[in-house]
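S.K.: File entry-v3.pdb follows (PDB, C-alpha atoms and all ligand atoms):
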```
ATOM      1  CA  MET A   1       0.000   0.000   0.000  1.00  0.00           C
ATOM      2  CA  LYS A   2       1.340   3.408  -1.022  1.00  0.00           C
ATOM      3  CA  THR A   3       1.572   5.986   1.774  1.00  0.00           C
ATOM      4  CA  LYS A   4      -0.431   9.092   0.881  1.00  0.00           C
ATOM      5  CA  LYS A   5       1.404  12.365   1.306  1.00  0.00           C
ATOM      6  CA  ILE A   6      -0.058  15.648   2.566  1.00  0.00           C
ATOM      7  CA  ILE A   7       1.626  19.040   2.526  1.00  0.00           C
ATOM      8  CA  LEU A   8       0.089  21.731   4.726  1.00  0.00           C
ATOM      9  CA  PHE A   9       0.345  25.505   4.360  1.00  0.00           C
ATOM     10  CA  ALA A  10      -0.345  27.636   7.441  1.00  0.00           C
ATOM     11  CA  SER A  11       0.259  31.255   8.429  1.00  0.00           C
ATOM     12  CA  GLY A  12      -0.981  31.409  11.976  1.00  0.00           C
ATOM     13  CA  SER A  13      -1.573  29.543  15.167  1.00  0.00           C
ATOM     14  CA  GLY A  14      -1.771  26.160  13.501  1.00  0.00           C
ATOM     15  CA  SER A  15      -4.459  24.609  15.671  1.00  0.00           C
ATOM     16  CA  ASN A  16      -5.918  22.977  12.554  1.00  0.00           C
ATOM     17  CA  VAL A  17      -2.480  21.646  11.640  1.00  0.00           C
ATOM     18  CA  GLU A  18      -2.190  20.089  15.088  1.00  0.00           C
ATOM     19  CA  ASN A  19      -5.681  18.624  14.880  1.00  0.00           C
ATOM     20  CA  ILE A  20      -4.971  17.112  11.455  1.00  0.00           C
ATOM     21  CA  ALA A  21      -1.639  15.744  12.695  1.00  0.00           C
ATOM     22  CA  ASN A  22      -3.354  14.131  15.695  1.00  0.00           C
ATOM     23  CA  TYR A  23      -6.048  12.614  13.478  1.00  0.00           C
ATOM     24  CA  PHE A  24      -3.473  10.875  11.259  1.00  0.00           C
ATOM     25  CA  LYS A  25      -0.938  10.151  14.044  1.00  0.00           C
ATOM     26  CA  LEU A  26      -1.584   6.433  14.263  1.00  0.00           C
ATOM     27  CA  ARG A  27      -2.103   5.914  10.549  1.00  0.00           C
ATOM     28  CA  ASN A  28       0.737   4.499   8.512  1.00  0.00           C
ATOM     29  CA  ASP A  29      -1.082   5.037   5.219  1.00  0.00           C
ATOM     30  CA  VAL A  30      -1.003   8.837   5.483  1.00  0.00           C
ATOM     31  CA  THR A  31       1.950  11.080   6.240  1.00  0.00           C
ATOM     32  CA  ILE A  32       2.407  14.834   6.630  1.00  0.00           C
ATOM     33  CA  CYS A  33       5.538  15.636   4.596  1.00  0.00           C
ATOM     34  CA  CYS A  34       5.902  19.135   5.905  1.00  0.00           C
ATOM     35  CA  VAL A  35       4.202  22.345   6.908  1.00  0.00           C
ATOM     36  CA  LEU A  36       5.081  25.399   4.838  1.00  0.00           C
ATOM     37  CA  THR A  37       4.655  28.838   6.351  1.00  0.00           C
ATOM     38  CA  ASN A  38       5.105  32.394   5.154  1.00  0.00           C
ATOM     39  CA  LYS A  39       5.458  33.762   8.701  1.00  0.00           C
ATOM     40  CA  ARG A  40       8.829  33.390  10.343  1.00  0.00           C
ATOM     41  CA  ASP A  41       7.391  33.694  13.869  1.00  0.00           C
ATOM     42  CA  ALA A  42       4.126  31.802  13.301  1.00  0.00           C
ATOM     43  CA  LYS A  43       2.957  29.767  16.285  1.00  0.00           C
ATOM     44  CA  VAL A  44       2.487  26.835  13.916  1.00  0.00           C
ATOM     45  CA  ILE A  45       6.298  26.449  13.807  1.00  0.00           C
ATOM     46  CA  ASP A  46       6.402  25.837  17.588  1.00  0.00           C
ATOM     47  CA  ARG A  47       3.609  23.304  17.228  1.00  0.00           C
ATOM     48  CA  CYS A  48       5.517  21.512  14.457  1.00  0.00           C
ATOM     49  CA  ASN A  49       8.638  21.367  16.616  1.00  0.00           C
ATOM     50  CA  ARG A  50       6.605  19.841  19.430  1.00  0.00           C
ATOM     51  CA  LEU A  51       4.846  17.392  17.085  1.00  0.00           C
ATOM     52  CA  GLY A  52       7.990  16.361  15.194  1.00  0.00           C
ATOM     53  CA  ILE A  53       6.734  17.687  11.866  1.00  0.00           C
ATOM     54  CA  ASN A  54       9.065  19.345   9.356  1.00  0.00           C
ATOM     55  CA  ALA A  55       8.299  23.062   9.072  1.00  0.00           C
ATOM     56  CA  LEU A  56       9.714  25.319   6.422  1.00  0.00           C
ATOM     57  CA  PHE A  57       9.557  29.091   6.174  1.00  0.00           C
ATOM     58  CA  PHE A  58       9.447  30.729   2.744  1.00  0.00           C
ATOM     59  CA  ASN A  59       9.209  34.295   1.496  1.00  0.00           C
ATOM     60  CA  ARG A  60       7.399  35.977  -1.429  1.00  0.00           C
ATOM     61  CA  GLN A  61      10.387  35.462  -3.703  1.00  0.00           C
ATOM     62  CA  ALA A  62      10.252  31.697  -3.227  1.00  0.00           C
ATOM     63  CA  PHE A  63       6.457  31.573  -3.452  1.00  0.00           C
ATOM     64  CA  SER A  64       5.323  33.792  -6.279  1.00  0.00           C
ATOM     65  CA  LYS A  65       8.333  35.547  -7.783  1.00  0.00           C
ATOM     66  CA  SER A  66      10.182  32.360  -8.652  1.00  0.00           C
ATOM     67  CA  ASN A  67       9.358  28.686  -9.050  1.00  0.00           C
ATOM     68  CA  PHE A  68      11.091  27.636  -5.840  1.00  0.00           C
ATOM     69  CA  ILE A  69       7.984  26.499  -3.930  1.00  0.00           C
ATOM     70  CA  LEU A  70       6.396  25.113  -7.114  1.00  0.00           C
ATOM     71  CA  ASN A  71       9.515  23.028  -7.741  1.00  0.00           C
ATOM     72  CA  LEU A  72       9.648  21.938  -4.108  1.00  0.00           C
ATOM     73  CA  LEU A  73       6.020  20.818  -4.202  1.00  0.00           C
ATOM     74  CA  GLN A  74       6.532  18.947  -7.462  1.00  0.00           C
ATOM     75  CA  SER A  75       9.594  17.184  -6.113  1.00  0.00           C
ATOM     76  CA  LEU A  76       7.690  16.051  -2.996  1.00  0.00           C
ATOM     77  CA  GLU A  77       4.800  14.651  -5.102  1.00  0.00           C
ATOM     78  CA  PRO A  78       2.018  15.262  -2.555  1.00  0.00           C
ATOM     79  CA  ASP A  79      -1.350  13.567  -2.961  1.00  0.00           C
ATOM     80  CA  LEU A  80      -3.042  16.558  -1.373  1.00  0.00           C
ATOM     81  CA  ILE A  81      -2.018  20.130  -0.522  1.00  0.00           C
ATOM     82  CA  VAL A  82      -4.019  21.559   2.366  1.00  0.00           C
ATOM     83  CA  LEU A  83      -4.324  25.244   3.266  1.00  0.00           C
ATOM     84  CA  ALA A  84      -5.002  25.362   6.999  1.00  0.00           C
ATOM     85  CA  GLY A  85      -5.191  29.040   7.862  1.00  0.00           C
ATOM     86  CA  PHE A  86      -2.958  30.192   5.008  1.00  0.00           C
ATOM     87  CA  LEU A  87      -3.494  33.773   3.901  1.00  0.00           C
ATOM     88  CA  TRP A  88      -1.576  34.340   0.661  1.00  0.00           C
ATOM     89  CA  LYS A  89      -3.221  33.798  -2.686  1.00  0.00           C
ATOM     90  CA  ILE A  90      -1.844  30.708  -4.418  1.00  0.00           C
ATOM     91  CA  PRO A  91      -0.081  31.584  -7.704  1.00  0.00           C
ATOM     92  CA  GLU A  92      -1.619  30.211 -10.871  1.00  0.00           C
ATOM     93  CA  THR A  93       1.570  28.270 -11.659  1.00  0.00           C
ATOM     94  CA  ILE A  94       0.877  26.198  -8.525  1.00  0.00           C
ATOM     95  CA  THR A  95      -2.916  25.851  -8.961  1.00  0.00           C
ATOM     96  CA  ASN A  96      -2.301  24.761 -12.582  1.00  0.00           C
ATOM     97  CA  ALA A  97       0.294  22.207 -11.525  1.00  0.00           C
ATOM     98  CA  PHE A  98      -2.037  20.650  -8.911  1.00  0.00           C
ATOM     99  CA  PRO A  99      -5.592  20.713 -10.299  1.00  0.00           C
ATOM    100  CA  ASN A 100      -8.125  19.471  -7.711  1.00  0.00           C
ATOM    101  CA  GLN A 101      -5.271  18.676  -5.362  1.00  0.00           C
ATOM    102  CA  ILE A 102      -5.261  21.871  -3.304  1.00  0.00           C
ATOM    103  CA  ILE A 103      -7.974  22.473  -0.728  1.00  0.00           C
ATOM    104  CA  ASN A 104      -8.689  25.332   1.663  1.00  0.00           C
ATOM    105  CA  ILE A 105     -10.805  25.784   4.747  1.00  0.00           C
ATOM    106  CA  HIS A 106     -12.701  29.035   5.071  1.00  0.00           C
ATOM    107  CA  PRO A 107     -14.280  30.026   8.411  1.00  0.00           C
ATOM    108  CA  ALA A 108     -17.709  31.004   7.027  1.00  0.00           C
ATOM    109  CA  LEU A 109     -20.439  29.751   4.745  1.00  0.00           C
ATOM    110  CA  LEU A 110     -19.144  30.812   1.311  1.00  0.00           C
ATOM    111  CA  PRO A 111     -20.016  32.686  -0.828  1.00  0.00           C
ATOM    112  CA  LYS A 112     -20.797  34.823   2.211  1.00  0.00           C
ATOM    113  CA  TYR A 113     -17.855  36.501   3.934  1.00  0.00           C
ATOM    114  CA  GLY A 114     -15.266  35.394   1.386  1.00  0.00           C
ATOM    115  CA  GLY A 115     -12.714  37.181  -0.763  1.00  0.00           C
ATOM    116  CA  LYS A 116      -9.617  39.258  -0.156  1.00  0.00           C
ATOM    117  CA  GLY A 117      -9.161  40.426   3.433  1.00  0.00           C
ATOM    118  CA  MET A 118     -11.742  37.973   4.723  1.00  0.00           C
ATOM    119  CA  PHE A 119      -9.796  35.743   7.059  1.00  0.00           C
ATOM    120  CA  GLY A 120      -9.779  34.785  10.707  1.00  0.00           C
ATOM    121  CA  MET A 121     -11.327  37.347  13.074  1.00  0.00           C
ATOM    122  CA  ASN A 122     -12.225  39.694  10.190  1.00  0.00           C
ATOM    123  CA  VAL A 123     -14.750  37.092   9.109  1.00  0.00           C
ATOM    124  CA  HIS A 124     -16.179  36.538  12.587  1.00  0.00           C
ATOM    125  CA  ASN A 125     -16.426  40.295  13.252  1.00  0.00           C
ATOM    126  CA  ALA A 126     -18.346  40.735   9.981  1.00  0.00           C
ATOM    127  CA  VAL A 127     -20.676  37.844  10.857  1.00  0.00           C
ATOM    128  CA  LYS A 128     -21.311  39.407  14.284  1.00  0.00           C
ATOM    129  CA  GLU A 129     -21.892  42.856  12.759  1.00  0.00           C
ATOM    130  CA  ALA A 130     -24.442  41.441  10.300  1.00  0.00           C
ATOM    131  CA  LYS A 131     -26.311  39.746  13.191  1.00  0.00           C
ATOM    132  CA  GLU A 132     -26.223  36.404  11.409  1.00  0.00           C
ATOM    133  CA  THR A 133     -28.134  33.621  13.139  1.00  0.00           C
ATOM    134  CA  GLU A 134     -25.770  30.969  11.779  1.00  0.00           C
ATOM    135  CA  THR A 135     -22.268  30.640  10.409  1.00  0.00           C
ATOM    136  CA  GLY A 136     -20.048  27.716   9.556  1.00  0.00           C
ATOM    137  CA  ILE A 137     -17.158  26.376   7.533  1.00  0.00           C
ATOM    138  CA  THR A 138     -16.527  25.801   3.868  1.00  0.00           C
ATOM    139  CA  ILE A 139     -13.935  23.339   2.602  1.00  0.00           C
ATOM    140  CA  HIS A 140     -13.274  23.960  -1.074  1.00  0.00           C
ATOM    141  CA  TYR A 141     -10.849  23.368  -3.904  1.00  0.00           C
ATOM    142  CA  VAL A 142      -8.420  26.188  -4.561  1.00  0.00           C
ATOM    143  CA  ASN A 143      -8.238  27.924  -7.893  1.00  0.00           C
ATOM    144  CA  ALA A 144      -6.632  31.187  -8.949  1.00  0.00           C
ATOM    145  CA  HIS A 145      -9.350  33.295  -7.279  1.00  0.00           C
ATOM    146  CA  TYR A 146      -9.818  33.781  -3.528  1.00  0.00           C
ATOM    147  CA  ASP A 147     -12.476  31.480  -2.052  1.00  0.00           C
ATOM    148  CA  GLU A 148     -14.082  30.618  -5.402  1.00  0.00           C
ATOM    149  CA  GLY A 149     -13.124  26.995  -6.059  1.00  0.00           C
ATOM    150  CA  ALA A 150     -15.731  24.226  -6.043  1.00  0.00           C
ATOM    151  CA  ILE A 151     -17.180  23.509  -2.617  1.00  0.00           C
ATOM    152  CA  ILE A 152     -16.446  20.083  -1.143  1.00  0.00           C
ATOM    153  CA  LYS A 153     -18.171  20.393   2.236  1.00  0.00           C
ATOM    154  CA  GLN A 154     -20.020  22.946   4.326  1.00  0.00           C
ATOM    155  CA  ALA A 155     -21.181  22.627   7.918  1.00  0.00           C
ATOM    156  CA  SER A 156     -23.067  25.202   9.938  1.00  0.00           C
ATOM    157  CA  VAL A 157     -23.617  26.181  13.552  1.00  0.00           C
ATOM    158  CA  MET A 158     -26.307  28.316  15.166  1.00  0.00           C
ATOM    159  CA  LEU A 159     -25.367  31.616  16.753  1.00  0.00           C
ATOM    160  CA  ASN A 160     -26.921  33.372  19.747  1.00  0.00           C
ATOM    161  CA  THR A 161     -27.426  37.122  19.797  1.00  0.00           C
ATOM    162  CA  ASN A 162     -25.043  37.407  22.738  1.00  0.00           C
ATOM    163  CA  ASP A 163     -22.203  35.461  21.040  1.00  0.00           C
ATOM    164  CA  ARG A 164     -19.125  37.709  20.773  1.00  0.00           C
ATOM    165  CA  ALA A 165     -16.847  37.447  17.744  1.00  0.00           C
ATOM    166  CA  GLU A 166     -14.523  35.291  19.900  1.00  0.00           C
ATOM    167  CA  ASP A 167     -17.409  32.922  20.695  1.00  0.00           C
ATOM    168  CA  ILE A 168     -18.217  32.686  16.993  1.00  0.00           C
ATOM    169  CA  ALA A 169     -14.556  31.889  16.270  1.00  0.00           C
ATOM    170  CA  ALA A 170     -14.610  29.127  18.892  1.00  0.00           C
ATOM    171  CA  LYS A 171     -17.776  27.585  17.432  1.00  0.00           C
ATOM    172  CA  VAL A 172     -16.277  27.680  13.942  1.00  0.00           C
ATOM    173  CA  HIS A 173     -13.019  26.135  15.142  1.00  0.00           C
ATOM    174  CA  GLN A 174     -14.975  23.246  16.654  1.00  0.00           C
ATOM    175  CA  LEU A 175     -16.542  22.560  13.250  1.00  0.00           C
ATOM    176  CA  GLU A 176     -13.123  22.781  11.614  1.00  0.00           C
ATOM    177  CA  TYR A 177     -11.650  20.256  14.049  1.00  0.00           C
ATOM    178  CA  GLU A 178     -14.558  17.879  13.480  1.00  0.00           C
ATOM    179  CA  PHE A 179     -14.774  17.983   9.701  1.00  0.00           C
ATOM    180  CA  PHE A 180     -11.449  19.034   8.152  1.00  0.00           C
ATOM    181  CA  PRO A 181      -9.449  15.846   8.887  1.00  0.00           C
ATOM    182  CA  LYS A 182     -12.388  13.657   7.808  1.00  0.00           C
ATOM    183  CA  VAL A 183     -12.703  15.463   4.476  1.00  0.00           C
ATOM    184  CA  ILE A 184      -8.942  15.159   3.913  1.00  0.00           C
ATOM    185  CA  ASP A 185      -9.171  11.445   4.707  1.00  0.00           C
ATOM    186  CA  GLU A 186     -12.070  10.964   2.284  1.00  0.00           C
ATOM    187  CA  LEU A 187     -10.332  12.824  -0.535  1.00  0.00           C
ATOM    188  CA  LEU A 188      -7.153  10.780  -0.043  1.00  0.00           C
ATOM    189  CA  SER A 189      -9.086   7.542  -0.086  1.00  0.00           C
ATOM    190  CA  LYS A 190     -10.602   8.441  -3.481  1.00  0.00           C
ATOM    191  CA  GLN A 191      -7.226   9.000  -5.101  1.00  0.00           C
TER     192      GLN A 191
HETATM  193  C1  LIG B 201      -9.087  28.957  10.653  1.00  0.00           C
HETATM  194  O1  LIG B 201     -10.268  29.345  11.291  1.00  0.00           O
HETATM  195  C2  LIG B 201      -9.274  28.970   9.144  1.00  0.00           C
HETATM  196  O2  LIG B 201     -10.579  28.668   8.758  1.00  0.00           O
HETATM  197  C3  LIG B 201      -8.943  30.400   8.832  1.00  0.00           C
HETATM  198  O3  LIG B 201      -7.833  30.694   9.635  1.00  0.00           O
HETATM  199  C4  LIG B 201      -7.991  29.990  10.874  1.00  0.00           C
HETATM  200  C5  LIG B 201      -6.671  29.369  11.235  1.00  0.00           C
HETATM  201  O4  LIG B 201      -6.715  28.865  12.537  1.00  0.00           O
HETATM  202  N1  LIG B 201      -8.644  30.552   7.431  1.00  0.00           N
HETATM  203  C6  LIG B 201      -8.959  31.656   6.758  1.00  0.00           C
HETATM  204  O5  LIG B 201      -9.490  32.623   7.265  1.00  0.00           O
HETATM  205  C7  LIG B 201      -8.610  31.612   5.282  1.00  0.00           C
HETATM  206  N2  LIG B 201      -9.250  32.671   4.579  1.00  0.00           N
HETATM  207  P1  LIG B 201      -5.548  27.941  13.077  1.00  0.00           P
HETATM  208  O6  LIG B 201      -4.232  28.624  12.727  1.00  0.00           O
HETATM  209  O7  LIG B 201      -5.771  27.886  14.546  1.00  0.00           O
HETATM  210  O8  LIG B 201      -5.660  26.600  12.423  1.00  0.00           O
END
```
For the file at hand, write its structure as structure tokens.

M.R.:
Amino acid sequence: MKTKKIILFASGSGSNVENIANYFKLRNDVTICCVLTNKRDAKVIDRCNRLGINALFFNRQAFSKSNFILNLLQSLEPDLIVLAGFLWKIPETITNAFPNQIINIHPALLPKYGGKGMFGMNVHNAVKEAKETETGITIHYVNAHYDEGAIIKQASVMLNTNDRAEDIAAKVHQLEYEFFPKVIDELLSKQ
């Protein structure tokens, strides 16, 4: 049996990275090759050190002004590339090289609250401001446009009027922890 390879991109705290790593910890058919980050001081790097996962920092030059990251990805031959709280737009050279092999998680029910600048707490603040009665997560394929690739899975959660943006974030994170690893697992099993 061939071991399936995942590469993760993350820019922030990395709690989804940790959750995904824990989900696949005891599985010898799936491995996390590495976590790639564009933030030198991202908390995800500390998590990777603790979890024994390779973490690699890259800059704009490597990502979108040269083919360094593209070449690295191609040489690693991942089965799936997973954006877990990654905030840069993926260059077309990379989306073209990995059609239907890059997925993202967005902390809202797309097409609502998507697009440039809509990430993390910005999303939850906007949901709070609009007095939404529900929010959720969207797991989708990544194409050359922010948050516009085909939707793979959505899940929603009810909101109370007294939920603060932080409470909304916590509810959304719970959904992410529940569904993201399962969706990754399902996609890998279809390949
Ligand atoms: C997650 O909520 C993810 O949905 C969001 O960033 C957070 C990362 O949390 N992604 C976006 O907003 C992408 N537009 P984490 O670092 O704790 O996993």

S.K.: Can you pull out every residue within 12 Å of Ala62 of chain A, counting all atoms listed in the file, but drop anything in the same chain fewer than 5 positions away, and send it as a list in words?

M.R.: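 Listing them by chain and then by number gives Leu36, Thr37, Asn38, Leu56, Phe57, Asn67, Phe68, Ile69, Leu70, Asn71, Leu72, Leu73 and Pro91 of chain A.
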
S.K.: Go ahead and write the selection's residues with C-alpha atoms as a PDB file, keeping the file's coordinate frame.

M.R.:
```pdb
ATOM      1  CA  LEU A  36       5.081  25.399   4.838  1.00  0.00           C
ATOM      2  CA  THR A  37       4.655  28.838   6.351  1.00  0.00           C
ATOM      3  CA  ASN A  38       5.105  32.394   5.154  1.00  0.00           C
ATOM      4  CA  LEU A  56       9.714  25.319   6.422  1.00  0.00           C
ATOM      5  CA  PHE A  57       9.557  29.091   6.174  1.00  0.00           C
ATOM      6  CA  ASN A  67       9.358  28.686  -9.050  1.00  0.00           C
ATOM      7  CA  PHE A  68      11.091  27.636  -5.840  1.00  0.00           C
ATOM      8  CA  ILE A  69       7.984  26.499  -3.930  1.00  0.00           C
ATOM      9  CA  LEU A  70       6.396  25.113  -7.114  1.00  0.00           C
ATOM     10  CA  ASN A  71       9.515  23.028  -7.741  1.00  0.00           C
ATOM     11  CA  LEU A  72       9.648  21.938  -4.108  1.00  0.00           C
ATOM     12  CA  LEU A  73       6.020  20.818  -4.202  1.00  0.00           C
ATOM     13  CA  PRO A  91      -0.081  31.584  -7.704  1.00  0.00           C
TER      14      PRO A  91
END
```

S.K.: Write as number ranges by chain the residues around ligand LIG 201 (chain B), taking 7 Å as the cut-off and counting all atoms listed in the file.

M.R.: A: 10-17, 84-87, 105-107, 118-120, 172-173

S.K.: Starting from the displayed file, determine the output of the PyMOL selection byres (((chain A and resi 103) around 8) and not hetatm) and express the residue list as a PyMOL selection string.

M.R.: chain A and resi 80-83+100-102+104-105+139-142

S.K.: Would you mind listing what lies within 6 Å of segment 151-168 of chain A as a PyMOL selection string, with all atoms listed in the file counted and same-chain residues fewer than 5 positions away left out?

M.R.: chain A and resi 124-125+128+133-140

S.K.: Work out how far apart atom CA of Leu109 of chain A and atom CA of Ile184 of chain A are and give it in Å to one decimal.

M.R.: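 Atom CA of Ile184 of chain A lies 18.6 Å from atom CA of Leu109 of chain A.
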
S.K.: Give me the residues near Cys33 of chain A as a PyMOL selection string, where near means some atom within 9 Å (using only C-alpha atoms) and where sequence neighbours in that chain fewer than 5 positions away do not count.

M.R.: chain A and resi 5-8+53-54+76+78

S.K.: Nearest residue to Glu77 of chain A out of A:Ile90, A:Leu110, A:Cys34, A:Leu26, using all atoms listed in the file?

M.R.: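 For Glu77 of chain A, the nearest of the given residues is A:Cys34.
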
S.K.: I'd like the residues picked by the PyMOL selection byres (((chain A and resi 3) around 9) and not hetatm) written out as a VMD selection string, using the chain letters and numbers from the file.

M.R.: chain A and resid 1 to 2 4 to 5 28 to 31

S.K.: Which residues match the PyMOL selection byres (((chain A and resi 147) around 7) and not hetatm) in the file above, as number ranges by chain?

M.R.: A: 114-115, 145-146, 148-149

S.K.: Since fewer atoms than expected are present, regenerate N, CA, C and O atoms for segment 55-75 of chain A and write them as a compact mmCIF listing (two decimals), in the coordinates of the input.

M.R.:
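Now in part.txt:
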```txt
# COMPACT_ATOMS: atom_id res chain seq x y z
N ALA A 55 8.91 21.77 9.41
CA ALA A 55 8.30 23.06 9.07
C ALA A 55 9.32 23.88 8.29
O ALA A 55 10.52 23.84 8.58
N LEU A 56 8.83 24.58 7.31
CA LEU A 56 9.71 25.32 6.42
C LEU A 56 9.15 26.70 6.20
O LEU A 56 7.98 26.85 5.83
N PHE A 57 9.98 27.71 6.43
CA PHE A 57 9.56 29.09 6.17
C PHE A 57 9.97 29.48 4.75
O PHE A 57 11.04 29.11 4.30
N PHE A 58 9.08 30.21 4.07
CA PHE A 58 9.45 30.73 2.74
C PHE A 58 8.99 32.17 2.63
O PHE A 58 8.07 32.61 3.32
N ASN A 59 9.60 32.90 1.71
CA ASN A 59 9.21 34.30 1.50
C ASN A 59 8.52 34.45 0.13
O ASN A 59 8.34 33.47 -0.59
N ARG A 60 8.11 35.68 -0.17
CA ARG A 60 7.40 35.98 -1.43
C ARG A 60 8.20 35.54 -2.65
O ARG A 60 7.65 35.06 -3.63
N GLN A 61 9.51 35.79 -2.57
CA GLN A 61 10.39 35.46 -3.70
C GLN A 61 10.25 33.97 -4.04
O GLN A 61 10.06 33.60 -5.19
N ALA A 62 10.32 33.15 -3.01
CA ALA A 62 10.25 31.70 -3.23
C ALA A 62 8.86 31.26 -3.68
O ALA A 62 8.71 30.28 -4.41
N PHE A 63 7.84 32.01 -3.23
CA PHE A 63 6.46 31.57 -3.45
C PHE A 63 5.92 32.00 -4.81
O PHE A 63 5.41 31.16 -5.57
N SER A 64 6.01 33.31 -5.08
CA SER A 64 5.32 33.79 -6.28
C SER A 64 6.21 34.57 -7.25
O SER A 64 5.77 34.93 -8.32
N LYS A 65 7.45 34.83 -6.85
CA LYS A 65 8.33 35.55 -7.78
C LYS A 65 9.36 34.62 -8.41
O LYS A 65 10.21 35.05 -9.20
N SER A 66 9.32 33.37 -8.03
CA SER A 66 10.18 32.36 -8.65
C SER A 66 9.42 31.04 -8.56
O SER A 66 8.32 30.99 -8.02
N ASN A 67 10.04 29.99 -9.10
CA ASN A 67 9.36 28.69 -9.05
C ASN A 67 9.86 27.81 -7.91
O ASN A 67 9.69 26.59 -7.94
N PHE A 68 10.47 28.44 -6.90
CA PHE A 68 11.09 27.64 -5.84
C PHE A 68 10.09 26.73 -5.13
O PHE A 68 10.29 25.52 -5.01
N ILE A 69 8.97 27.32 -4.66
CA ILE A 69 7.98 26.50 -3.93
C ILE A 69 7.29 25.54 -4.90
O ILE A 69 7.05 24.37 -4.57
N LEU A 70 6.98 26.01 -6.10
CA LEU A 70 6.40 25.11 -7.11
C LEU A 70 7.30 23.89 -7.32
O LEU A 70 6.83 22.74 -7.28
N ASN A 71 8.58 24.13 -7.51
CA ASN A 71 9.52 23.03 -7.74
C ASN A 71 9.62 22.12 -6.53
O ASN A 71 9.68 20.89 -6.66
N LEU A 72 9.59 22.74 -5.34
CA LEU A 72 9.65 21.94 -4.11
C LEU A 72 8.43 21.02 -4.01
O LEU A 72 8.55 19.81 -3.76
N LEU A 73 7.26 21.61 -4.27
CA LEU A 73 6.02 20.82 -4.20
C LEU A 73 6.07 19.68 -5.21
O LEU A 73 5.75 18.53 -4.89
N GLN A 74 6.50 19.99 -6.43
CA GLN A 74 6.53 18.95 -7.46
C GLN A 74 7.51 17.84 -7.09
O GLN A 74 7.24 16.67 -7.33
N SER A 75 8.61 18.22 -6.46
CA SER A 75 9.59 17.18 -6.11
C SER A 75 9.08 16.29 -4.97
O SER A 75 9.45 15.13 -4.88
```
